[in-house]
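Structure below is upload_18.csv: CSV, C-alpha atoms.
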```csv
chain,number,residue,atom,x,y,z
A,15,MET,CA,-47.1,-46.3,52.9
A,16,ARG,CA,-50.7,-46.8,54.1
A,17,GLU,CA,-52.0,-45.6,50.8
A,18,LEU,CA,-49.7,-47.9,49.0
A,19,LEU,CA,-50.9,-51.0,51.0
A,20,SER,CA,-54.5,-49.9,50.6
A,21,THR,CA,-54.4,-50.2,46.8
A,22,PHE,CA,-52.3,-53.4,46.8
A,23,GLY,CA,-54.2,-56.2,45.1
A,24,LEU,CA,-53.7,-59.2,42.8
A,25,PRO,CA,-52.3,-57.0,39.9
A,26,GLU,CA,-49.9,-55.3,42.3
A,27,LEU,CA,-48.7,-58.6,43.6
A,28,VAL,CA,-47.9,-59.9,40.1
A,29,ALA,CA,-46.1,-56.6,39.3
A,30,ALA,CA,-44.1,-57.0,42.5
A,31,LEU,CA,-43.1,-60.5,41.5
A,32,ILE,CA,-42.0,-59.2,38.1
A,33,VAL,CA,-39.6,-56.8,40.0
A,34,VAL,CA,-38.4,-59.7,42.1
A,35,ALA,CA,-37.5,-61.7,39.0
A,36,LEU,CA,-35.8,-58.6,37.5
A,37,ASN,CA,-34.0,-58.2,40.8
A,38,ALA,CA,-32.6,-61.7,40.5
A,39,TYR,CA,-31.6,-61.0,36.9
A,40,VAL,CA,-29.7,-57.9,37.9
A,41,ILE,CA,-27.7,-59.3,40.8
A,42,MET,CA,-26.8,-62.5,38.8
A,43,ALA,CA,-26.6,-61.7,35.1
A,44,GLY,CA,-25.6,-58.1,35.9
A,45,ALA,CA,-22.5,-59.5,37.6
A,46,ASP,CA,-21.8,-61.5,34.5
A,47,PHE,CA,-22.0,-58.4,32.3
A,48,GLY,CA,-19.7,-56.7,34.7
A,49,GLY,CA,-17.2,-59.6,34.3
A,50,GLY,CA,-17.1,-58.8,30.6
A,51,ILE,CA,-16.3,-55.2,31.5
A,52,TRP,CA,-13.3,-56.2,33.6
A,53,ASP,CA,-12.3,-58.6,30.9
A,54,LEU,CA,-12.0,-55.6,28.6
A,55,LEU,CA,-10.1,-53.6,31.2
A,56,ALA,CA,-7.8,-56.5,32.3
A,57,SER,CA,-4.2,-55.1,32.7
A,58,GLY,CA,-0.9,-55.6,34.3
A,59,SER,CA,1.3,-58.7,34.5
A,60,ARG,CA,-1.7,-60.7,35.7
A,61,ARG,CA,-3.9,-59.7,32.8
A,62,GLU,CA,-4.4,-63.2,31.5
A,63,HIS,CA,-5.0,-64.6,35.0
A,64,GLN,CA,-7.7,-62.0,35.5
A,65,ARG,CA,-9.4,-63.0,32.3
A,66,ALA,CA,-9.1,-66.7,33.2
A,67,LEU,CA,-10.7,-66.1,36.6
A,68,ILE,CA,-13.6,-64.2,34.9
A,69,ALA,CA,-14.1,-67.0,32.4
A,70,ASN,CA,-14.0,-69.8,35.0
A,71,SER,CA,-16.4,-67.9,37.3
A,72,ILE,CA,-19.1,-67.1,34.7
A,73,GLY,CA,-18.6,-69.9,32.2
A,74,PRO,CA,-20.9,-72.6,33.8
A,75,VAL,CA,-23.8,-70.3,34.7
A,76,TRP,CA,-23.9,-67.2,32.5
A,77,GLU,CA,-26.6,-68.5,30.2
A,78,ALA,CA,-28.7,-70.0,33.1
A,79,ASN,CA,-28.9,-66.5,34.6
A,80,HIS,CA,-30.9,-65.3,31.6
A,81,VAL,CA,-33.8,-67.5,32.7
A,82,TRP,CA,-34.8,-64.6,35.1
A,83,LEU,CA,-35.2,-62.2,32.1
A,84,ILE,CA,-37.3,-64.8,30.4
A,85,VAL,CA,-39.5,-65.0,33.5
A,86,VAL,CA,-39.9,-61.2,33.4
A,87,VAL,CA,-40.9,-61.1,29.8
A,88,VAL,CA,-43.4,-64.0,30.1
A,89,MET,CA,-45.0,-62.5,33.2
A,90,LEU,CA,-45.2,-59.1,31.6
A,91,PHE,CA,-47.0,-60.2,28.4
A,92,THR,CA,-49.3,-62.6,30.3
A,93,ALA,CA,-50.2,-60.3,33.2
A,94,PHE,CA,-50.0,-56.9,31.5
A,95,PRO,CA,-50.5,-57.4,27.8
A,96,ALA,CA,-51.4,-53.7,27.1
A,97,ALA,CA,-48.2,-52.5,28.8
A,98,PHE,CA,-46.2,-55.2,27.0
A,99,SER,CA,-47.6,-54.1,23.6
A,100,VAL,CA,-46.7,-50.4,24.3
A,101,LEU,CA,-43.2,-51.2,25.6
A,102,GLY,CA,-42.4,-53.7,22.9
A,103,THR,CA,-43.5,-51.3,20.2
A,104,LEU,CA,-42.1,-48.0,21.3
A,105,LEU,CA,-38.8,-49.5,22.7
A,106,HIS,CA,-38.3,-51.9,19.9
A,107,ILE,CA,-34.9,-50.3,18.9
A,108,PRO,CA,-33.1,-50.6,22.3
A,109,LEU,CA,-34.8,-53.9,23.1
A,110,THR,CA,-33.5,-55.3,19.8
A,111,LEU,CA,-30.0,-53.9,20.6
A,112,MET,CA,-30.2,-55.6,24.0
A,113,LEU,CA,-31.1,-58.9,22.4
A,114,ILE,CA,-28.3,-58.6,19.9
A,115,GLY,CA,-25.9,-57.8,22.7
A,116,ILE,CA,-26.9,-60.8,24.8
A,117,VAL,CA,-26.7,-63.2,21.8
A,118,MET,CA,-23.4,-61.7,20.6
A,119,ARG,CA,-21.9,-61.8,24.1
A,120,GLY,CA,-22.8,-65.4,24.6
A,121,SER,CA,-21.6,-66.5,21.2
A,122,ALA,CA,-18.3,-64.6,21.4
A,123,PHE,CA,-17.7,-66.2,24.9
A,124,VAL,CA,-18.2,-69.7,23.5
A,125,PHE,CA,-16.1,-69.1,20.3
A,126,ARG,CA,-13.2,-67.6,22.4
A,127,SER,CA,-13.3,-70.5,24.9
A,128,TYR,CA,-13.8,-73.4,22.5
A,129,GLY,CA,-12.9,-72.2,19.0
A,130,SER,CA,-9.6,-71.6,17.3
A,131,ARG,CA,-6.5,-71.4,19.6
A,132,ALA,CA,-4.9,-68.8,17.4
A,133,ARG,CA,-4.2,-65.6,19.5
A,134,THR,CA,-5.6,-63.2,16.9
A,135,THR,CA,-8.9,-65.1,16.6
A,136,ARG,CA,-9.2,-65.4,20.4
A,137,ASN,CA,-8.5,-61.7,20.7
A,138,ARG,CA,-11.2,-60.8,18.2
A,139,TRP,CA,-13.8,-62.9,20.0
A,140,GLY,CA,-12.7,-61.5,23.3
A,141,ALA,CA,-13.2,-58.0,22.0
A,142,ALA,CA,-16.7,-58.9,20.8
A,143,PHE,CA,-17.5,-60.4,24.2
A,144,SER,CA,-16.2,-57.4,26.1
A,145,ILE,CA,-17.9,-54.8,23.8
A,146,ALA,CA,-21.3,-56.6,24.1
A,147,SER,CA,-20.8,-56.8,27.9
A,148,LEU,CA,-20.2,-53.0,27.9
A,149,VAL,CA,-23.0,-51.9,25.6
A,150,THR,CA,-25.9,-54.2,26.8
A,151,PRO,CA,-26.0,-52.9,30.4
A,152,ILE,CA,-26.1,-49.3,29.1
A,153,VAL,CA,-29.0,-50.1,26.8
A,154,LEU,CA,-30.8,-51.9,29.6
A,155,GLY,CA,-30.4,-48.8,31.8
A,156,MET,CA,-31.6,-46.6,29.0
A,157,VAL,CA,-34.8,-48.6,28.7
A,158,ILE,CA,-35.4,-48.3,32.5
A,159,GLY,CA,-34.6,-44.6,32.3
A,160,ALA,CA,-37.1,-44.1,29.4
A,161,ILE,CA,-39.8,-45.9,31.4
A,162,ALA,CA,-39.2,-44.2,34.7
A,163,SER,CA,-38.9,-40.7,33.2
A,164,GLY,CA,-42.4,-40.8,31.6
A,165,GLY,CA,-40.9,-40.6,28.2
A,166,ILE,CA,-42.8,-43.6,27.0
A,167,GLY,CA,-46.1,-42.1,28.2
A,168,ASP,CA,-45.3,-38.9,26.3
A,169,ALA,CA,-44.5,-41.0,23.2
A,170,VAL,CA,-47.9,-42.7,23.4
A,171,ALA,CA,-49.6,-39.3,23.2
A,172,LYS,CA,-47.4,-38.2,20.3
A,173,LEU,CA,-48.1,-41.5,18.5
A,174,GLY,CA,-51.8,-40.7,18.6
A,175,GLN,CA,-51.1,-37.2,17.4
A,176,GLY,CA,-49.1,-38.3,14.4
A,177,GLY,CA,-45.6,-37.7,15.8
A,178,THR,CA,-42.5,-38.4,13.8
A,179,PHE,CA,-40.5,-41.6,14.0
A,180,GLY,CA,-37.8,-39.8,16.0
A,181,GLU,CA,-40.3,-38.3,18.5
A,182,VAL,CA,-42.1,-41.6,19.1
A,183,TYR,CA,-39.4,-44.3,18.7
A,184,VAL,CA,-36.1,-42.6,19.5
A,185,ALA,CA,-36.5,-39.6,21.7
A,186,PRO,CA,-38.0,-41.5,24.7
A,187,TRP,CA,-34.9,-43.6,25.3
A,188,PHE,CA,-32.1,-41.6,23.6
A,189,GLY,CA,-31.8,-38.7,25.9
A,190,GLU,CA,-29.6,-37.4,28.8
A,191,PHE,CA,-31.5,-39.0,31.6
A,192,PRO,CA,-31.8,-42.5,30.0
A,193,LEU,CA,-28.1,-42.3,29.2
A,194,ALA,CA,-27.3,-41.3,32.7
A,195,VAL,CA,-29.3,-44.3,34.0
A,196,GLY,CA,-27.5,-46.5,31.5
A,197,LEU,CA,-24.1,-45.4,32.8
A,198,PHE,CA,-25.3,-45.9,36.3
A,199,ALA,CA,-26.4,-49.5,35.5
A,200,LEU,CA,-22.9,-50.1,33.9
A,201,SER,CA,-21.1,-48.9,37.1
A,202,LEU,CA,-23.4,-51.0,39.3
A,203,PHE,CA,-22.8,-54.2,37.2
A,204,ALA,CA,-19.0,-53.5,37.2
A,205,PHE,CA,-19.1,-53.1,41.0
A,206,LEU,CA,-21.1,-56.3,41.5
A,207,ALA,CA,-18.7,-58.3,39.3
A,208,ALA,CA,-15.5,-57.0,41.0
A,209,VAL,CA,-16.9,-57.8,44.5
A,210,TYR,CA,-18.0,-61.3,43.4
A,211,LEU,CA,-14.6,-62.0,41.9
A,212,THR,CA,-12.9,-61.1,45.2
A,213,VAL,CA,-14.7,-64.1,46.6
A,214,GLU,CA,-14.0,-66.4,43.6
A,215,ALA,CA,-10.3,-65.7,43.6
A,216,ARG,CA,-8.0,-67.8,45.7
A,217,ASP,CA,-4.7,-66.2,44.8
A,218,GLU,CA,-4.1,-63.2,47.1
A,219,LEU,CA,-2.6,-61.0,44.4
A,220,LEU,CA,-5.5,-61.7,42.0
A,221,ARG,CA,-7.9,-61.0,44.8
A,222,ASP,CA,-6.3,-57.7,45.5
A,223,ASP,CA,-6.6,-56.8,41.8
A,224,PHE,CA,-10.4,-57.1,42.0
A,225,ARG,CA,-10.6,-55.5,45.4
A,226,THR,CA,-9.0,-52.4,44.0
A,227,ARG,CA,-11.4,-52.5,41.0
A,228,ALA,CA,-14.4,-53.0,43.3
A,229,LEU,CA,-13.4,-49.9,45.4
A,230,ALA,CA,-13.0,-47.9,42.1
A,231,ALA,CA,-16.3,-49.1,40.8
A,232,ALA,CA,-18.0,-48.1,44.1
A,233,ALA,CA,-16.7,-44.5,43.5
A,234,ALA,CA,-18.1,-44.7,40.0
A,235,VAL,CA,-21.5,-45.8,41.3
A,236,PHE,CA,-21.6,-42.8,43.7
A,237,VAL,CA,-20.7,-40.3,40.9
A,238,SER,CA,-23.0,-41.8,38.3
A,239,ALA,CA,-25.9,-41.9,40.8
A,240,GLY,CA,-25.4,-38.2,41.6
A,241,ILE,CA,-25.3,-37.3,37.9
A,242,ALA,CA,-28.5,-39.2,37.2
A,243,LEU,CA,-30.2,-37.6,40.2
A,244,LEU,CA,-29.2,-34.1,39.1
A,245,ILE,CA,-30.5,-34.7,35.5
A,246,ALA,CA,-33.7,-36.2,36.9
A,247,GLN,CA,-34.5,-32.9,38.6
A,248,ARG,CA,-35.0,-31.5,35.1
A,249,ASP,CA,-35.9,-34.4,32.8
A,250,ALA,CA,-37.6,-36.8,35.2
A,251,PRO,CA,-39.1,-34.9,38.1
A,252,ARG,CA,-41.4,-37.7,39.0
A,253,VAL,CA,-38.4,-40.0,39.6
A,254,ALA,CA,-36.6,-37.2,41.6
A,255,ALA,CA,-39.7,-36.7,43.7
A,256,GLY,CA,-40.2,-40.4,44.3
A,257,VAL,CA,-36.7,-41.1,45.5
A,258,SER,CA,-36.5,-38.0,47.7
A,259,GLY,CA,-40.0,-37.0,48.8
A,260,ALA,CA,-42.0,-40.1,49.1
A,261,PRO,CA,-42.9,-41.5,52.6
A,262,TRP,CA,-40.8,-44.6,52.0
A,263,SER,CA,-37.8,-42.8,50.5
A,264,LEU,CA,-36.0,-42.0,53.8
A,265,VAL,CA,-36.1,-45.7,54.9
A,266,LEU,CA,-34.9,-46.8,51.5
A,267,HIS,CA,-32.1,-44.3,51.4
A,268,LEU,CA,-30.9,-45.4,54.8
A,269,CYS,CA,-31.0,-49.1,53.8
A,270,THR,CA,-29.1,-48.3,50.6
A,271,ALA,CA,-26.5,-46.2,52.3
A,272,ALA,CA,-26.1,-48.9,55.0
A,273,ALA,CA,-25.5,-51.6,52.4
A,274,ALA,CA,-23.1,-49.4,50.4
A,275,ILE,CA,-21.0,-48.5,53.5
A,276,THR,CA,-21.0,-52.1,54.6
A,277,ALA,CA,-19.8,-53.2,51.2
A,278,ILE,CA,-17.0,-50.7,51.1
A,279,LEU,CA,-15.9,-51.3,54.7
A,280,ALA,CA,-16.0,-55.1,54.1
A,281,LEU,CA,-13.8,-54.7,51.0
A,282,TRP,CA,-11.4,-52.5,53.0
A,283,ARG,CA,-11.2,-55.0,55.8
A,284,ARG,CA,-11.0,-57.9,53.3
A,285,THR,CA,-14.2,-59.7,54.6
A,286,PHE,CA,-15.2,-60.4,51.0
A,287,ARG,CA,-18.2,-62.7,51.6
A,288,LEU,CA,-19.9,-59.9,53.6
A,289,ALA,CA,-19.0,-57.5,50.9
A,290,ARG,CA,-20.8,-59.7,48.3
A,291,VAL,CA,-24.0,-59.8,50.4
A,292,ALA,CA,-23.9,-56.1,51.0
A,293,ALA,CA,-23.2,-55.2,47.3
A,294,ALA,CA,-26.2,-57.4,46.2
A,295,ALA,CA,-28.4,-55.7,48.8
A,296,GLN,CA,-27.3,-52.2,47.7
A,297,VAL,CA,-28.2,-52.9,44.0
A,298,SER,CA,-31.5,-54.5,45.1
A,299,PHE,CA,-32.5,-51.4,47.1
A,300,ILE,CA,-31.7,-49.2,44.2
A,301,LEU,CA,-33.8,-51.3,41.9
A,302,TRP,CA,-36.8,-51.3,44.3
A,303,GLY,CA,-36.4,-47.5,44.7
A,304,TRP,CA,-37.0,-47.2,40.9
A,305,ALA,CA,-40.1,-49.5,41.1
A,306,LEU,CA,-41.6,-47.7,44.0
A,307,SER,CA,-40.9,-44.3,42.5
A,308,GLN,CA,-43.3,-45.0,39.6
A,309,TYR,CA,-46.0,-46.8,41.6
A,310,PRO,CA,-49.0,-47.2,40.9
A,311,TYR,CA,-48.0,-46.9,37.2
A,312,ILE,CA,-46.4,-49.5,35.1
A,313,ILE,CA,-45.9,-46.9,32.4
A,314,PRO,CA,-45.8,-43.4,34.0
A,315,THR,CA,-48.1,-41.6,33.8
A,316,ARG,CA,-50.3,-43.3,31.1
A,317,VAL,CA,-50.8,-46.9,32.2
A,318,ALA,CA,-51.6,-47.9,35.8
A,319,ILE,CA,-50.9,-51.4,37.0
A,320,ALA,CA,-54.5,-52.0,37.8
A,321,ASP,CA,-55.7,-50.7,34.4
A,322,ALA,CA,-53.3,-52.8,32.4
A,323,ALA,CA,-53.8,-56.0,34.2
A,324,ALA,CA,-55.2,-59.2,32.6
A,325,PRO,CA,-58.4,-60.7,34.0
A,326,PRO,CA,-58.1,-62.1,37.6
A,327,ILE,CA,-58.4,-65.7,36.4
A,328,THR,CA,-55.4,-65.2,34.2
A,329,LEU,CA,-53.4,-63.7,37.0
A,330,ARG,CA,-54.3,-66.6,39.3
A,331,LEU,CA,-53.3,-69.2,36.8
A,332,LEU,CA,-50.1,-67.3,36.2
A,333,LEU,CA,-49.3,-67.4,39.9
A,334,ILE,CA,-50.0,-71.1,40.0
A,335,GLY,CA,-47.7,-71.7,37.0
A,336,LEU,CA,-45.1,-69.5,38.6
A,337,GLY,CA,-45.2,-71.5,41.9
A,338,VAL,CA,-44.9,-74.8,40.1
A,339,GLY,CA,-42.1,-73.5,37.8
A,340,GLY,CA,-40.3,-71.9,40.8
A,341,ALA,CA,-40.4,-75.3,42.6
A,342,ILE,CA,-38.5,-76.7,39.7
A,343,LEU,CA,-36.3,-73.8,38.7
A,344,ILE,CA,-34.9,-72.6,42.1
A,345,PRO,CA,-33.6,-76.0,43.3
A,346,SER,CA,-32.2,-76.6,39.8
A,347,LEU,CA,-30.3,-73.4,39.8
A,348,ARG,CA,-29.1,-74.0,43.4
A,349,TYR,CA,-27.8,-77.4,42.3
A,350,LEU,CA,-26.1,-75.8,39.3
A,351,PHE,CA,-24.3,-73.2,41.4
A,352,ARG,CA,-23.3,-75.8,44.0
A,353,THR,CA,-22.0,-78.2,41.3
A,354,PHE,CA,-19.6,-75.5,39.9
A,355,ALA,CA,-18.7,-73.8,43.1
A,356,GLY,CA,-15.0,-73.7,43.6
A,357,ARG,CA,-14.3,-74.0,39.9
A,358,ALA,CA,-11.9,-71.0,40.1
A,359,ALA,CA,-10.3,-72.2,43.3
A,360,ASP,CA,-6.9,-72.6,41.7
A,361,LEU,CA,-6.8,-69.0,40.4
```

This entry written out as C-alpha cells:
Amino acid sequence: MRELLSTFGLPELVAALIVVALNAYVIMAGADFGGGIWDLLASGSRREHQRALIANSIGPVWEANHVWLIVVVVMLFTAFPAAFSVLGTLLHIPLTLMLIGIVMRGSAFVFRSYGSRARTTRNRWGAAFSIASLVTPIVLGMVIGAIASGGIGDAVAKLGQGGTFGEVYVAPWFGEFPLAVGLFALSLFAFLAAVYLTVEARDELLRDDFRTRALAAAAAVFVSAGIALLIAQRDAPRVAAGVSGAPWSLVLHLCTAAAAITAILALWRRTFRLARVAAAAQVSFILWGWALSQYPYIIPTRVAIADAAAPPITLRLLLIGLGVGGAILIPSLRYLFRTFAGRAADL
C-alpha cells in the first residue's frame, strides 16, 4: 500500500476518477441491463406485472445512466490518448458489438413501449430488448477480461510482429477467461437489478418474486466468480496474484465478503433498502479489485498509467472541466431520480 501511494500522482488521480465514473455506470446502468435479463426470464401468473415493474422502474432514467460511460470514454481519450488508441483499435469488434447492443436495447425498449399495440409486434421488440440486455453485459465483461488478463498487451506485440487478424483482433477478447468475466458481469448485473426491484415493488407478491430472483442471482455470482478465478490461475496469473496476494487484497476481500453477506441477510430478513446499499457496495468492491490488480498499468503489462498520460496541463484542464461538469451533472441526475421516484409505487 505504501508503494502504491508513493507513485500516486496526477495521472493516477485521473485514472482513479475514470474508475469512479465506471463504477457509477456499473451500479446504475448495470442494473438496467439486469432488468432486461429479468424481462426475458419473467414467468408465472405475474409475468406481465413483473415486466411492467421493470419498464416503469428503468423507463425514465435508463438513457441518462449512459452519461457515465460517455464520461469514461471522454476522460480516457483526453487523459490517456495512447491507451485509448490501442484499446479502440484492438478491441474494435467487441466495442462495436457493445455499441450496437446499447443502441438496439434502447430503441427496442422505446418501440415496445410507444409503438404498435399489437401483441406480436410488442413481443418482437421485447425479445430484441431482452437479448440486447443479455449480450451487452457479457461483451463488456469480455472487454474487461481481455484488458485485465494482459491479452491486449500480447496483441500489441503480435501486431508489431505481423500477427494474423485472429491473433491480434479476436484472440485477446474471445477466450475462456474473458468469457468467464463476461458471465460474471452478467450475474452481477442480474443480482443488482433484482435487489433494486425489491425496493421498487410495492405489491408483496411481486416483491417476493424479485427477492427469490435476487437470492438465486447471488448464488450465480458466487459460482461465476469462482469459475473466473480458477481460469485466471492459468490464463490471467497477474489477475489471480493481484486479487489474492497483493497487500490490499485481504482488506478488499473482507469488505466484499461483508457486503455480500449483508446483502443476502438483508434479502432474507426483507430489509430491502439495506440490501440495495450492500449489493451496490459488493459490486463496487469487485470493480475496484480489478482496477487495483492491474495497477500501475492501464494496459497490462505494456502501457503504464504514467507513460500513457497526456501532458500535465491537459490533465489539469480536464480536472477543471470535470469539476464544472460534475457540478451540473450530479444535481441534475439527483433531480431526475427524485422526480421519478415512486413511479412504480402501484405495482

List as JSON lines every residue of region 163-279 of chain A that is in contact with region 310-317 of chain A, defined as an atom at most 9 Å from one of its atoms (using only C-alpha atoms), together with the nearest atom pair and the distance in Å rounded to one decimal, sorted by chain and then rising number.
```
{"residue": "A:Ser163", "atom": "CA", "partner": "A:Pro314", "partner_atom": "CA", "distance": 7.5}
{"residue": "A:Gly164", "atom": "CA", "partner": "A:Pro314", "partner_atom": "CA", "distance": 4.9}
{"residue": "A:Gly165", "atom": "CA", "partner": "A:Pro314", "partner_atom": "CA", "distance": 8.1}
{"residue": "A:Ile166", "atom": "CA", "partner": "A:Ile313", "partner_atom": "CA", "distance": 7.0}
{"residue": "A:Gly167", "atom": "CA", "partner": "A:Arg316", "partner_atom": "CA", "distance": 5.2}
{"residue": "A:Asp168", "atom": "CA", "partner": "A:Arg316", "partner_atom": "CA", "distance": 8.2}
{"residue": "A:Val170", "atom": "CA", "partner": "A:Arg316", "partner_atom": "CA", "distance": 8.1}
{"residue": "A:Ala171", "atom": "CA", "partner": "A:Arg316", "partner_atom": "CA", "distance": 8.9}
{"residue": "A:Arg252", "atom": "CA", "partner": "A:Pro314", "partner_atom": "CA", "distance": 8.8}
```

| message | I'd like the interatomic distance between CA of Asp46 (chain A) and CA of Ile72 (chain A), to a tenth of an Å. | response |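 About the pair CA of Asp46 (chain A) and CA of Ile72 (chain A): they are 6.2 Å apart.
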
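Counting all atoms listed in the file and comparing A:Thr353, A:Thr328, A:Thr212, A:Ser144, the residue that lies closest to Ala289 (chain A) is A:Thr212.
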
| To one decimal place, how far is CA of Ala246 (chain A) from CA of Leu268 (chain A) in Å? |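 Distance between the two atoms: 20.3 Å.
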
| field | Two-atom distance - CA of Val182 (chain A), CA of Gly102 (chain A) (Å) | value |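 Result for CA of Val182 (chain A) versus CA of Gly102 (chain A): 12.7 Å, one decimal.
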
| request: Find the residues around region 227-239 of chain A up to 8 Å (only C-alpha atoms counted), leave out those fewer than 6 positions away in its own chain, and share them as a PyMOL selection string. | output: chain A and resi 194-195+197-198+201-202+204-209+278+281

| message | From the options A:Glu190, A:Asp223, A:Glu62, A:Glu26, which residue's atoms come nearest to Ala242 (chain A), counting all atoms listed in the file? | response |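 Of the candidates, the smallest distance to Ala242 (chain A) is held by A:Glu190.
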
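Nearest residue to Asn137 (chain A) among A:Ala215, A:Thr103, A:Val149, A:Asp53 is A:Asp53, counting all atoms listed in the file.
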
| request: Give as a list in words the set of residues within 12 Å of the point (-25.4, -51.5, 53.4), where distances use the file's coordinates and only C-alpha atoms. | output: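 Residues lying no farther than 12 Å from the given point: Leu266, His267, Leu268, Cys269, Thr270, Ala271, Ala272, Ala273, Ala274, Ile275, Thr276, Ala277, Ile278, Leu279, Ala280, Leu288, Ala289, Arg290, Val291, Ala292, Ala293, Ala294, Ala295, Gln296, Val297, Ser298, Phe299 and Ile300 of chain A.
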
| request: Would you kindly identify which residues have an atom no farther than 10 Å from (-8.2, -55.0, 25.5), using all atoms listed in the file and the file's own coordinates, and write them out as a list in words? | output: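 Final list of nearby residues, as requested, is Trp52, Asp53, Leu54, Leu55, Ala56, Ser57, Arg61, Asn137, Arg138, Gly140, Ala141, Ser144 and Ile145 of chain A.
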
Suppose we keep C-alpha atoms; can you now write the selection as a JSON list (two decimals), keeping the file's coordinate frame?
```
[["chain", "number", "residue", "atom", "x", "y", "z"],
["A", 52, "TRP", "CA", -13.30, -56.20, 33.60],
["A", 53, "ASP", "CA", -12.30, -58.60, 30.90],
["A", 54, "LEU", "CA", -12.00, -55.60, 28.60],
["A", 55, "LEU", "CA", -10.10, -53.60, 31.20],
["A", 56, "ALA", "CA", -7.80, -56.50, 32.30],
["A", 57, "SER", "CA", -4.20, -55.10, 32.70],
["A", 61, "ARG", "CA", -3.90, -59.70, 32.80],
["A", 137, "ASN", "CA", -8.50, -61.70, 20.70],
["A", 138, "ARG", "CA", -11.20, -60.80, 18.20],
["A", 140, "GLY", "CA", -12.70, -61.50, 23.30],
["A", 141, "ALA", "CA", -13.20, -58.00, 22.00],
["A", 144, "SER", "CA", -16.20, -57.40, 26.10],
["A", 145, "ILE", "CA", -17.90, -54.80, 23.80]]
```

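Using all atoms listed in the file, the shortest contact distance between Gly48 (chain A) and any of A:Ser147, A:Gln175, A:Ser346, A:Thr134 is found at A:Ser147.
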
| query | Which residue, A:Met42, A:Ala97, A:Val33, A:Leu27, has the smallest gap to Leu347 (chain A) when you use only C-alpha atoms? | reply |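 Result for the nearest residue to Leu347 (chain A): A:Met42.
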
| query | For Ile68 (chain A), which residue among A:Gly339, A:Gly180, A:Gly196, A:Gly50 is the nearest when counting all atoms listed in the file? | reply |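 Ranked by minimum distance to Ile68 (chain A), first place goes to A:Gly50.
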